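Structure data follow from final.cif (mmCIF, N, CA and C atoms):
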```
data_structure
#
loop_
_atom_site.group_PDB
_atom_site.id
_atom_site.type_symbol
_atom_site.label_atom_id
_atom_site.label_comp_id
_atom_site.auth_asym_id
_atom_site.auth_seq_id
_atom_site.Cartn_x
_atom_site.Cartn_y
_atom_site.Cartn_z
ATOM 1 N N MET A 1 93.269 101.866 101.615
ATOM 2 C CA MET A 1 94.003 102.580 100.586
ATOM 3 C C MET A 1 93.399 103.950 100.345
ATOM 4 N N ILE A 2 92.095 104.052 100.519
ATOM 5 C CA ILE A 2 91.442 105.352 100.336
ATOM 6 C C ILE A 2 92.005 106.367 101.326
ATOM 7 N N ASP A 3 92.111 105.976 102.582
ATOM 8 C CA ASP A 3 92.623 106.894 103.602
ATOM 9 C C ASP A 3 94.094 107.230 103.375
ATOM 10 N N ILE A 4 94.861 106.258 102.916
ATOM 11 C CA ILE A 4 96.279 106.502 102.626
ATOM 12 C C ILE A 4 96.411 107.516 101.488
ATOM 13 N N ALA A 5 95.663 107.297 100.408
ATOM 14 C CA ALA A 5 95.720 108.222 99.268
ATOM 15 C C ALA A 5 95.240 109.609 99.675
ATOM 16 N N ALA A 6 94.199 109.664 100.481
ATOM 17 C CA ALA A 6 93.692 110.960 100.943
ATOM 18 C C ALA A 6 94.771 111.715 101.710
ATOM 19 N N ALA A 7 95.484 111.005 102.591
ATOM 20 C CA ALA A 7 96.542 111.639 103.378
ATOM 21 C C ALA A 7 97.721 112.073 102.515
ATOM 22 N N ILE A 8 98.121 111.223 101.593
ATOM 23 C CA ILE A 8 99.278 111.533 100.742
ATOM 24 C C ILE A 8 99.005 112.743 99.854
ATOM 25 N N PHE A 9 97.826 112.758 99.239
ATOM 26 C CA PHE A 9 97.542 113.763 98.210
ATOM 27 C C PHE A 9 96.689 114.934 98.694
ATOM 28 N N GLY A 10 96.311 114.925 99.973
ATOM 29 C CA GLY A 10 95.558 116.047 100.511
ATOM 30 C C GLY A 10 94.147 116.180 99.961
ATOM 31 N N VAL A 11 93.524 115.034 99.711
ATOM 32 C CA VAL A 11 92.143 114.999 99.222
ATOM 33 C C VAL A 11 91.321 114.291 100.293
ATOM 34 N N SER A 12 90.089 114.712 100.499
ATOM 35 C CA SER A 12 89.297 114.048 101.529
ATOM 36 C C SER A 12 88.889 112.649 101.075
ATOM 37 N N SER A 13 88.864 111.732 102.028
ATOM 38 C CA SER A 13 88.460 110.357 101.700
ATOM 39 C C SER A 13 87.006 110.332 101.255
ATOM 40 N N LYS A 14 86.212 111.242 101.774
ATOM 41 C CA LYS A 14 84.815 111.347 101.355
ATOM 42 C C LYS A 14 84.729 111.679 99.864
ATOM 43 N N GLU A 15 85.581 112.575 99.416
ATOM 44 C CA GLU A 15 85.622 112.960 98.000
ATOM 45 C C GLU A 15 86.035 111.766 97.127
ATOM 46 N N LEU A 16 86.983 110.969 97.606
ATOM 47 C CA LEU A 16 87.430 109.805 96.837
ATOM 48 C C LEU A 16 86.339 108.738 96.741
ATOM 49 N N ARG A 17 85.448 108.695 97.718
ATOM 50 C CA ARG A 17 84.355 107.721 97.720
ATOM 51 C C ARG A 17 83.101 108.224 97.014
ATOM 52 N N ARG A 18 83.068 109.503 96.712
ATOM 53 C CA ARG A 18 81.872 110.119 96.127
ATOM 54 C C ARG A 18 81.513 109.435 94.809
ATOM 55 N N PRO A 19 80.242 109.058 94.674
ATOM 56 C CA PRO A 19 79.823 108.428 93.415
ATOM 57 C C PRO A 19 79.773 109.450 92.272
ATOM 58 N N GLY A 20 79.855 108.956 91.075
ATOM 59 C CA GLY A 20 79.772 109.830 89.911
ATOM 60 C C GLY A 20 81.098 110.474 89.570
ATOM 61 N N ARG A 21 81.033 111.386 88.656
ATOM 62 C CA ARG A 21 82.240 112.068 88.176
ATOM 63 C C ARG A 21 82.694 113.130 89.172
ATOM 64 N N THR A 22 83.999 113.312 89.220
ATOM 65 C CA THR A 22 84.579 114.341 90.088
ATOM 66 C C THR A 22 85.618 115.116 89.285
ATOM 67 N N ALA A 23 86.174 116.133 89.896
ATOM 68 C CA ALA A 23 87.228 116.919 89.252
ATOM 69 C C ALA A 23 88.394 116.005 88.874
ATOM 70 N N LEU A 24 89.103 116.369 87.829
ATOM 71 C CA LEU A 24 90.201 115.538 87.327
ATOM 72 C C LEU A 24 91.234 115.230 88.406
ATOM 73 N N ALA A 25 91.577 116.208 89.238
ATOM 74 C CA ALA A 25 92.589 115.973 90.280
ATOM 75 C C ALA A 25 92.126 114.887 91.251
ATOM 76 N N VAL A 26 90.863 114.917 91.640
ATOM 77 C CA VAL A 26 90.318 113.906 92.551
ATOM 78 C C VAL A 26 90.242 112.563 91.843
ATOM 79 N N ALA A 27 89.795 112.572 90.601
ATOM 80 C CA ALA A 27 89.699 111.329 89.829
ATOM 81 C C ALA A 27 91.075 110.686 89.681
ATOM 82 N N ARG A 28 92.101 111.490 89.444
ATOM 83 C CA ARG A 28 93.452 110.952 89.269
ATOM 84 C C ARG A 28 93.951 110.316 90.566
ATOM 85 N N VAL A 29 93.703 110.957 91.689
ATOM 86 C CA VAL A 29 94.098 110.380 92.981
ATOM 87 C C VAL A 29 93.360 109.060 93.199
ATOM 88 N N ARG A 30 92.066 109.026 92.880
ATOM 89 C CA ARG A 30 91.287 107.799 93.013
ATOM 90 C C ARG A 30 91.865 106.700 92.112
ATOM 91 N N GLN A 31 92.235 107.063 90.900
ATOM 92 C CA GLN A 31 92.807 106.084 89.971
ATOM 93 C C GLN A 31 94.133 105.537 90.492
ATOM 94 N N ILE A 32 94.962 106.402 91.039
ATOM 95 C CA ILE A 32 96.224 105.945 91.627
ATOM 96 C C ILE A 32 95.936 105.000 92.791
ATOM 97 N N ALA A 33 95.000 105.368 93.635
ATOM 98 C CA ALA A 33 94.664 104.538 94.799
ATOM 99 C C ALA A 33 94.116 103.182 94.358
ATOM 100 N N MET A 34 93.274 103.168 93.335
ATOM 101 C CA MET A 34 92.743 101.897 92.831
ATOM 102 C C MET A 34 93.863 101.032 92.260
ATOM 103 N N TYR A 35 94.765 101.658 91.508
ATOM 104 C CA TYR A 35 95.904 100.950 90.934
ATOM 105 C C TYR A 35 96.761 100.320 92.033
ATOM 106 N N VAL A 36 97.098 101.102 93.050
ATOM 107 C CA VAL A 36 97.942 100.607 94.142
ATOM 108 C C VAL A 36 97.225 99.499 94.916
ATOM 109 N N ALA A 37 95.929 99.667 95.143
ATOM 110 C CA ALA A 37 95.167 98.635 95.855
ATOM 111 C C ALA A 37 95.204 97.313 95.097
ATOM 112 N N HIS A 38 95.147 97.392 93.788
ATOM 113 C CA HIS A 38 95.184 96.167 92.976
ATOM 114 C C HIS A 38 96.598 95.586 92.912
ATOM 115 N N VAL A 39 97.567 96.425 92.590
ATOM 116 C CA VAL A 39 98.936 95.954 92.338
ATOM 117 C C VAL A 39 99.678 95.605 93.633
ATOM 118 N N VAL A 40 99.616 96.477 94.622
ATOM 119 C CA VAL A 40 100.394 96.283 95.849
ATOM 120 C C VAL A 40 99.643 95.429 96.862
ATOM 121 N N LEU A 41 98.380 95.751 97.075
ATOM 122 C CA LEU A 41 97.614 95.017 98.084
ATOM 123 C C LEU A 41 97.084 93.695 97.551
ATOM 124 N N GLY A 42 97.133 93.513 96.240
ATOM 125 C CA GLY A 42 96.731 92.247 95.641
ATOM 126 C C GLY A 42 95.233 92.001 95.630
ATOM 127 N N LEU A 43 94.456 93.063 95.733
ATOM 128 C CA LEU A 43 93.008 92.904 95.691
ATOM 129 C C LEU A 43 92.549 92.728 94.245
ATOM 130 N N SER A 44 91.500 91.941 94.058
ATOM 131 C CA SER A 44 90.950 91.783 92.705
ATOM 132 C C SER A 44 90.320 93.104 92.278
ATOM 133 N N MET A 45 90.114 93.251 90.994
ATOM 134 C CA MET A 45 89.506 94.481 90.491
ATOM 135 C C MET A 45 88.086 94.633 91.011
ATOM 136 N N SER A 46 87.388 93.538 91.187
ATOM 137 C CA SER A 46 86.035 93.595 91.760
ATOM 138 C C SER A 46 86.079 94.069 93.206
ATOM 139 N N GLU A 47 87.053 93.570 93.979
ATOM 140 C CA GLU A 47 87.190 93.994 95.377
ATOM 141 C C GLU A 47 87.528 95.477 95.465
ATOM 142 N N VAL A 48 88.444 95.910 94.628
ATOM 143 C CA VAL A 48 88.820 97.327 94.618
ATOM 144 C C VAL A 48 87.606 98.171 94.240
ATOM 145 N N GLY A 49 86.893 97.741 93.222
ATOM 146 C CA GLY A 49 85.708 98.471 92.790
ATOM 147 C C GLY A 49 84.687 98.613 93.898
ATOM 148 N N ARG A 50 84.434 97.537 94.617
ATOM 149 C CA ARG A 50 83.485 97.606 95.737
ATOM 150 C C ARG A 50 83.941 98.615 96.783
ATOM 151 N N GLY A 51 85.231 98.626 97.081
ATOM 152 C CA GLY A 51 85.759 99.558 98.080
ATOM 153 C C GLY A 51 85.617 101.013 97.682
ATOM 154 N N PHE A 52 85.683 101.272 96.391
ATOM 155 C CA PHE A 52 85.593 102.642 95.893
ATOM 156 C C PHE A 52 84.208 103.000 95.362
ATOM 157 N N GLY A 53 83.276 102.054 95.440
ATOM 158 C CA GLY A 53 81.940 102.320 94.923
ATOM 159 C C GLY A 53 81.907 102.405 93.414
ATOM 160 N N ARG A 54 82.780 101.644 92.765
ATOM 161 C CA ARG A 54 82.869 101.610 91.303
ATOM 162 C C ARG A 54 82.788 100.153 90.852
ATOM 163 N N ASP A 55 82.638 99.925 89.558
ATOM 164 C CA ASP A 55 82.640 98.542 89.090
ATOM 165 C C ASP A 55 84.042 98.153 88.623
ATOM 166 N N ARG A 56 84.231 96.871 88.367
ATOM 167 C CA ARG A 56 85.569 96.367 88.041
ATOM 168 C C ARG A 56 86.105 96.946 86.736
ATOM 169 N N THR A 57 85.219 97.294 85.799
ATOM 170 C CA THR A 57 85.703 97.861 84.538
ATOM 171 C C THR A 57 86.295 99.251 84.757
ATOM 172 N N THR A 58 85.777 99.981 85.718
ATOM 173 C CA THR A 58 86.344 101.292 86.061
ATOM 174 C C THR A 58 87.740 101.103 86.650
ATOM 175 N N VAL A 59 87.899 100.088 87.491
ATOM 176 C CA VAL A 59 89.208 99.786 88.075
ATOM 177 C C VAL A 59 90.173 99.352 86.975
ATOM 178 N N LEU A 60 89.710 98.530 86.058
ATOM 179 C CA LEU A 60 90.535 98.089 84.931
ATOM 180 C C LEU A 60 91.019 99.293 84.132
ATOM 181 N N HIS A 61 90.109 100.212 83.839
ATOM 182 C CA HIS A 61 90.469 101.428 83.111
ATOM 183 C C HIS A 61 91.518 102.229 83.889
ATOM 184 N N ALA A 62 91.300 102.386 85.193
ATOM 185 C CA ALA A 62 92.246 103.140 86.026
ATOM 186 C C ALA A 62 93.627 102.490 86.010
ATOM 187 N N CYS A 63 93.675 101.175 86.131
ATOM 188 C CA CYS A 63 94.964 100.469 86.152
ATOM 189 C C CYS A 63 95.707 100.639 84.832
ATOM 190 N N HIS A 64 95.002 100.521 83.717
ATOM 191 C CA HIS A 64 95.641 100.714 82.407
ATOM 192 C C HIS A 64 96.126 102.156 82.253
ATOM 193 N N LEU A 65 95.303 103.101 82.671
ATOM 194 C CA LEU A 65 95.657 104.504 82.542
ATOM 195 C C LEU A 65 96.896 104.837 83.370
ATOM 196 N N ILE A 66 96.912 104.421 84.622
ATOM 197 C CA ILE A 66 98.052 104.717 85.499
ATOM 198 C C ILE A 66 99.313 104.035 84.973
ATOM 199 N N GLU A 67 99.183 102.799 84.545
ATOM 200 C CA GLU A 67 100.341 102.084 83.983
ATOM 201 C C GLU A 67 100.919 102.850 82.794
ATOM 202 N N ASP A 68 100.060 103.327 81.910
ATOM 203 C CA ASP A 68 100.524 104.096 80.751
ATOM 204 C C ASP A 68 101.164 105.416 81.173
ATOM 205 N N MET A 69 100.610 106.062 82.175
ATOM 206 C CA MET A 69 101.127 107.353 82.620
ATOM 207 C C MET A 69 102.464 107.225 83.345
ATOM 208 N N ARG A 70 102.802 106.031 83.794
ATOM 209 C CA ARG A 70 104.058 105.833 84.516
ATOM 210 C C ARG A 70 105.277 106.007 83.618
ATOM 211 N N ASP A 71 105.062 106.139 82.317
ATOM 212 C CA ASP A 71 106.176 106.437 81.416
ATOM 213 C C ASP A 71 106.769 107.813 81.718
ATOM 214 N N ASP A 72 105.959 108.689 82.298
ATOM 215 C CA ASP A 72 106.435 110.003 82.715
ATOM 216 C C ASP A 72 107.175 109.834 84.047
ATOM 217 N N GLU A 73 108.441 110.209 84.074
ATOM 218 C CA GLU A 73 109.287 109.975 85.244
ATOM 219 C C GLU A 73 108.746 110.629 86.517
ATOM 220 N N GLU A 74 108.271 111.848 86.403
ATOM 221 C CA GLU A 74 107.744 112.564 87.575
ATOM 222 C C GLU A 74 106.488 111.868 88.112
ATOM 223 N N PHE A 75 105.603 111.462 87.219
ATOM 224 C CA PHE A 75 104.387 110.764 87.636
ATOM 225 C C PHE A 75 104.734 109.415 88.242
ATOM 226 N N ASP A 76 105.698 108.728 87.651
ATOM 227 C CA ASP A 76 106.124 107.427 88.171
ATOM 228 C C ASP A 76 106.653 107.557 89.599
ATOM 229 N N THR A 77 107.368 108.627 89.875
ATOM 230 C CA THR A 77 107.887 108.865 91.220
ATOM 231 C C THR A 77 106.745 109.003 92.224
ATOM 232 N N ILE A 78 105.692 109.684 91.826
ATOM 233 C CA ILE A 78 104.526 109.872 92.699
ATOM 234 C C ILE A 78 103.851 108.537 92.977
ATOM 235 N N VAL A 79 103.643 107.743 91.936
ATOM 236 C CA VAL A 79 102.983 106.443 92.103
ATOM 237 C C VAL A 79 103.864 105.512 92.935
ATOM 238 N N ALA A 80 105.165 105.523 92.687
ATOM 239 C CA ALA A 80 106.086 104.675 93.455
ATOM 240 C C ALA A 80 106.050 105.032 94.941
ATOM 241 N N MET A 81 105.920 106.318 95.247
ATOM 242 C CA MET A 81 105.820 106.739 96.637
ATOM 243 C C MET A 81 104.532 106.205 97.265
ATOM 244 N N ALA A 82 103.438 106.269 96.543
ATOM 245 C CA ALA A 82 102.165 105.732 97.050
ATOM 246 C C ALA A 82 102.278 104.223 97.266
ATOM 247 N N GLU A 83 102.988 103.543 96.385
ATOM 248 C CA GLU A 83 103.195 102.095 96.537
ATOM 249 C C GLU A 83 104.012 101.797 97.797
ATOM 250 N N ARG A 84 105.063 102.581 98.031
ATOM 251 C CA ARG A 84 105.890 102.373 99.224
ATOM 252 C C ARG A 84 105.090 102.579 100.504
ATOM 253 N N VAL A 85 104.288 103.624 100.537
ATOM 254 C CA VAL A 85 103.475 103.902 101.721
ATOM 255 C C VAL A 85 102.475 102.766 101.947
ATOM 256 N N ALA A 86 101.851 102.290 100.884
ATOM 257 C CA ALA A 86 100.884 101.183 101.008
ATOM 258 C C ALA A 86 101.573 99.919 101.510
ATOM 259 N N ARG A 87 102.767 99.620 100.980
ATOM 260 C CA ARG A 87 103.507 98.442 101.451
ATOM 261 C C ARG A 87 103.866 98.571 102.926
ATOM 262 N N ALA A 88 104.299 99.764 103.331
ATOM 263 C CA ALA A 88 104.662 100.004 104.730
ATOM 264 C C ALA A 88 103.434 99.847 105.628
ATOM 265 N N ALA A 89 102.304 100.359 105.195
ATOM 266 C CA ALA A 89 101.066 100.242 105.992
ATOM 267 C C ALA A 89 100.640 98.788 106.098
ATOM 268 N N LEU A 90 100.821 98.041 105.028
ATOM 269 C CA LEU A 90 100.464 96.615 105.025
ATOM 270 C C LEU A 90 101.370 95.843 105.979
ATOM 271 N N ARG A 91 102.667 96.143 105.968
ATOM 272 C CA ARG A 91 103.587 95.483 106.902
ATOM 273 C C ARG A 91 103.253 95.838 108.331
ATOM 274 N N TYR A 92 102.944 97.109 108.584
ATOM 275 C CA TYR A 92 102.598 97.547 109.937
ATOM 276 C C TYR A 92 101.358 96.813 110.418
ATOM 277 N N ARG A 93 100.365 96.694 109.549
ATOM 278 C CA ARG A 93 99.118 96.026 109.915
ATOM 279 C C ARG A 93 99.369 94.560 110.275
ATOM 280 N N ASP A 94 100.291 93.932 109.556
ATOM 281 C CA ASP A 94 100.595 92.518 109.812
ATOM 282 C C ASP A 94 101.258 92.319 111.177
ATOM 283 N N PHE A 95 101.930 93.364 111.701
ATOM 284 C CA PHE A 95 102.591 93.265 112.990
ATOM 285 C C PHE A 95 101.736 93.778 114.143
ATOM 286 N N ALA A 96 100.731 94.557 113.824
ATOM 287 C CA ALA A 96 99.901 95.162 114.868
ATOM 288 C C ALA A 96 98.932 94.163 115.461
#
```

Output the structure of this file as structure tokens.
Amino acid sequence: MIDIAAAIFGVSSKELRRPGRTALAVARVRQIAMYVAHVVLGLSMSEVGRGFGRDRTTVLHACHLIEDMRDDEEFDTIVAMAERVARAALRYRDFA
């Protein structure tokens, strides 16, 4: 999911994995990626946290934040697109 989010949003995967605080734009992409990994890929919050070098409470915060932000139609469209790409990648992986 990190590589998918990096490709979609034009952020380096290294930046998304970087420990500690990052610029808001990078943090938001990471939060979207964590949300999609949990919701679409069905990974537990602990699993998502390990993948991103964060703890499960950070993933929980990201999921709540993204869910709340989806009330904005434009933001929801962006997240829905990331969900579609993740689902497509998951289907492709199952056939490969």

**Prompt:** atom CA of Val40 of chain A to atom C of Ile2 of chain A: how many Å, to one decimal?
**Reply:** 14.2 Å

**Prompt:** Residues of chain A in alpha helix (DSSP H) according to DSSP, as a count of residues only?
**Reply:** 74

**Prompt:** Which one is closest to His38 of chain A: A:Ile4, A:Leu60, A:Ala23, A:Ala82? Count only C-alpha atoms.
**Reply:**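 The closest residue to His38 of chain A is A:Leu60.
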
Do you know which residues the PyMOL selection byres (((chain A and resi 66 and name CA) around 12) and name CA) returns on this file, as a JSON list (two decimals) with N, CA and C atoms, in the frame of the given file?
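Now in out28.json:
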```
[["chain", "number", "residue", "atom", "x", "y", "z"],
["A", 27, "ALA", "N", 89.80, 112.57, 90.60],
["A", 27, "ALA", "CA", 89.70, 111.33, 89.83],
["A", 27, "ALA", "C", 91.08, 110.69, 89.68],
["A", 28, "ARG", "N", 92.10, 111.49, 89.44],
["A", 28, "ARG", "CA", 93.45, 110.95, 89.27],
["A", 28, "ARG", "C", 93.95, 110.32, 90.57],
["A", 29, "VAL", "N", 93.70, 110.96, 91.69],
["A", 29, "VAL", "CA", 94.10, 110.38, 92.98],
["A", 29, "VAL", "C", 93.36, 109.06, 93.20],
["A", 30, "ARG", "N", 92.07, 109.03, 92.88],
["A", 30, "ARG", "CA", 91.29, 107.80, 93.01],
["A", 30, "ARG", "C", 91.86, 106.70, 92.11],
["A", 31, "GLN", "N", 92.24, 107.06, 90.90],
["A", 31, "GLN", "CA", 92.81, 106.08, 89.97],
["A", 31, "GLN", "C", 94.13, 105.54, 90.49],
["A", 32, "ILE", "N", 94.96, 106.40, 91.04],
["A", 32, "ILE", "CA", 96.22, 105.94, 91.63],
["A", 32, "ILE", "C", 95.94, 105.00, 92.79],
["A", 33, "ALA", "N", 95.00, 105.37, 93.64],
["A", 33, "ALA", "CA", 94.66, 104.54, 94.80],
["A", 33, "ALA", "C", 94.12, 103.18, 94.36],
["A", 34, "MET", "N", 93.27, 103.17, 93.34],
["A", 34, "MET", "CA", 92.74, 101.90, 92.83],
["A", 34, "MET", "C", 93.86, 101.03, 92.26],
["A", 35, "TYR", "N", 94.76, 101.66, 91.51],
["A", 35, "TYR", "CA", 95.90, 100.95, 90.93],
["A", 35, "TYR", "C", 96.76, 100.32, 92.03],
["A", 36, "VAL", "N", 97.10, 101.10, 93.05],
["A", 36, "VAL", "CA", 97.94, 100.61, 94.14],
["A", 36, "VAL", "C", 97.22, 99.50, 94.92],
["A", 38, "HIS", "N", 95.15, 97.39, 93.79],
["A", 38, "HIS", "CA", 95.18, 96.17, 92.98],
["A", 38, "HIS", "C", 96.60, 95.59, 92.91],
["A", 39, "VAL", "N", 97.57, 96.42, 92.59],
["A", 39, "VAL", "CA", 98.94, 95.95, 92.34],
["A", 39, "VAL", "C", 99.68, 95.60, 93.63],
["A", 59, "VAL", "N", 87.90, 100.09, 87.49],
["A", 59, "VAL", "CA", 89.21, 99.79, 88.08],
["A", 59, "VAL", "C", 90.17, 99.35, 86.98],
["A", 60, "LEU", "N", 89.71, 98.53, 86.06],
["A", 60, "LEU", "CA", 90.54, 98.09, 84.93],
["A", 60, "LEU", "C", 91.02, 99.29, 84.13],
["A", 61, "HIS", "N", 90.11, 100.21, 83.84],
["A", 61, "HIS", "CA", 90.47, 101.43, 83.11],
["A", 61, "HIS", "C", 91.52, 102.23, 83.89],
["A", 62, "ALA", "N", 91.30, 102.39, 85.19],
["A", 62, "ALA", "CA", 92.25, 103.14, 86.03],
["A", 62, "ALA", "C", 93.63, 102.49, 86.01],
["A", 63, "CYS", "N", 93.68, 101.18, 86.13],
["A", 63, "CYS", "CA", 94.96, 100.47, 86.15],
["A", 63, "CYS", "C", 95.71, 100.64, 84.83],
["A", 64, "HIS", "N", 95.00, 100.52, 83.72],
["A", 64, "HIS", "CA", 95.64, 100.71, 82.41],
["A", 64, "HIS", "C", 96.13, 102.16, 82.25],
["A", 65, "LEU", "N", 95.30, 103.10, 82.67],
["A", 65, "LEU", "CA", 95.66, 104.50, 82.54],
["A", 65, "LEU", "C", 96.90, 104.84, 83.37],
["A", 67, "GLU", "N", 99.18, 102.80, 84.54],
["A", 67, "GLU", "CA", 100.34, 102.08, 83.98],
["A", 67, "GLU", "C", 100.92, 102.85, 82.79],
["A", 68, "ASP", "N", 100.06, 103.33, 81.91],
["A", 68, "ASP", "CA", 100.52, 104.10, 80.75],
["A", 68, "ASP", "C", 101.16, 105.42, 81.17],
["A", 69, "MET", "N", 100.61, 106.06, 82.18],
["A", 69, "MET", "CA", 101.13, 107.35, 82.62],
["A", 69, "MET", "C", 102.46, 107.22, 83.34],
["A", 70, "ARG", "N", 102.80, 106.03, 83.79],
["A", 70, "ARG", "CA", 104.06, 105.83, 84.52],
["A", 70, "ARG", "C", 105.28, 106.01, 83.62],
["A", 71, "ASP", "N", 105.06, 106.14, 82.32],
["A", 71, "ASP", "CA", 106.18, 106.44, 81.42],
["A", 71, "ASP", "C", 106.77, 107.81, 81.72],
["A", 72, "ASP", "N", 105.96, 108.69, 82.30],
["A", 72, "ASP", "CA", 106.44, 110.00, 82.72],
["A", 72, "ASP", "C", 107.18, 109.83, 84.05],
["A", 75, "PHE", "N", 105.60, 111.46, 87.22],
["A", 75, "PHE", "CA", 104.39, 110.76, 87.64],
["A", 75, "PHE", "C", 104.73, 109.42, 88.24],
["A", 76, "ASP", "N", 105.70, 108.73, 87.65],
["A", 76, "ASP", "CA", 106.12, 107.43, 88.17],
["A", 76, "ASP", "C", 106.65, 107.56, 89.60],
["A", 78, "ILE", "N", 105.69, 109.68, 91.83],
["A", 78, "ILE", "CA", 104.53, 109.87, 92.70],
["A", 78, "ILE", "C", 103.85, 108.54, 92.98],
["A", 79, "VAL", "N", 103.64, 107.74, 91.94],
["A", 79, "VAL", "CA", 102.98, 106.44, 92.10],
["A", 79, "VAL", "C", 103.86, 105.51, 92.94],
["A", 80, "ALA", "N", 105.16, 105.52, 92.69],
["A", 80, "ALA", "CA", 106.09, 104.68, 93.46],
["A", 80, "ALA", "C", 106.05, 105.03, 94.94]]
```

**Request:** Have a look at atom CA of Thr57 of chain A and atom CA of Ser44 of chain A and let me know their distance in Å, one decimal.
**Result:** 11.5 Å

**Prompt:** Of the candidates A:Glu74, A:Ala37, A:Phe52, A:Leu90, which shows the shortest atom-to-atom distance to Leu16 of chain A, using only C-alpha atoms?
**Reply:**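 Going through A:Glu74, A:Ala37, A:Phe52, A:Leu90 one by one, the smallest distance to Leu16 of chain A is for A:Phe52.
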
**Message:** Residue by residue, what does the PyMOL selection byres (((chain A and resi 46 and name CA) around 8) and name CA) grab here? Present the result as an NGL selection string.
**Reply:** :A and (44-45 or 47-50 or 55-56 or 59)

Residue subset to file, keeping N, CA and C atoms, as a tab-separated table (two decimals), in the coordinates of the input:
```
chain	number	residue	atom	x	y	z
A	44	SER	N	91.50	91.94	94.06
A	44	SER	CA	90.95	91.78	92.70
A	44	SER	C	90.32	93.10	92.28
A	45	MET	N	90.11	93.25	90.99
A	45	MET	CA	89.51	94.48	90.49
A	45	MET	C	88.09	94.63	91.01
A	47	GLU	N	87.05	93.57	93.98
A	47	GLU	CA	87.19	93.99	95.38
A	47	GLU	C	87.53	95.48	95.46
A	48	VAL	N	88.44	95.91	94.63
A	48	VAL	CA	88.82	97.33	94.62
A	48	VAL	C	87.61	98.17	94.24
A	49	GLY	N	86.89	97.74	93.22
A	49	GLY	CA	85.71	98.47	92.79
A	49	GLY	C	84.69	98.61	93.90
A	50	ARG	N	84.43	97.54	94.62
A	50	ARG	CA	83.48	97.61	95.74
A	50	ARG	C	83.94	98.62	96.78
A	55	ASP	N	82.64	99.92	89.56
A	55	ASP	CA	82.64	98.54	89.09
A	55	ASP	C	84.04	98.15	88.62
A	56	ARG	N	84.23	96.87	88.37
A	56	ARG	CA	85.57	96.37	88.04
A	56	ARG	C	86.10	96.95	86.74
A	59	VAL	N	87.90	100.09	87.49
A	59	VAL	CA	89.21	99.79	88.08
A	59	VAL	C	90.17	99.35	86.98
```

**Message:** I need the residue nearest Val26 of chain A from this list: A:Ala86, A:Val11, A:Met1, A:Leu43. Use all atoms listed in the file for the distance.
**Reply:** A:Val11

**Between atom CA of Arg91 of chain A and atom CA of Lys14 of chain A, distance in Å (one decimal)** =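 Atom CA of Lys14 of chain A lies at a distance of 25.2 Å from atom CA of Arg91 of chain A.
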
**Message:** With distances taken over only C-alpha atoms, which residue among A:Glu73, A:Thr58, A:Gly53, A:Ala88 lies nearest Arg18 of chain A?
**Reply:** A:Gly53
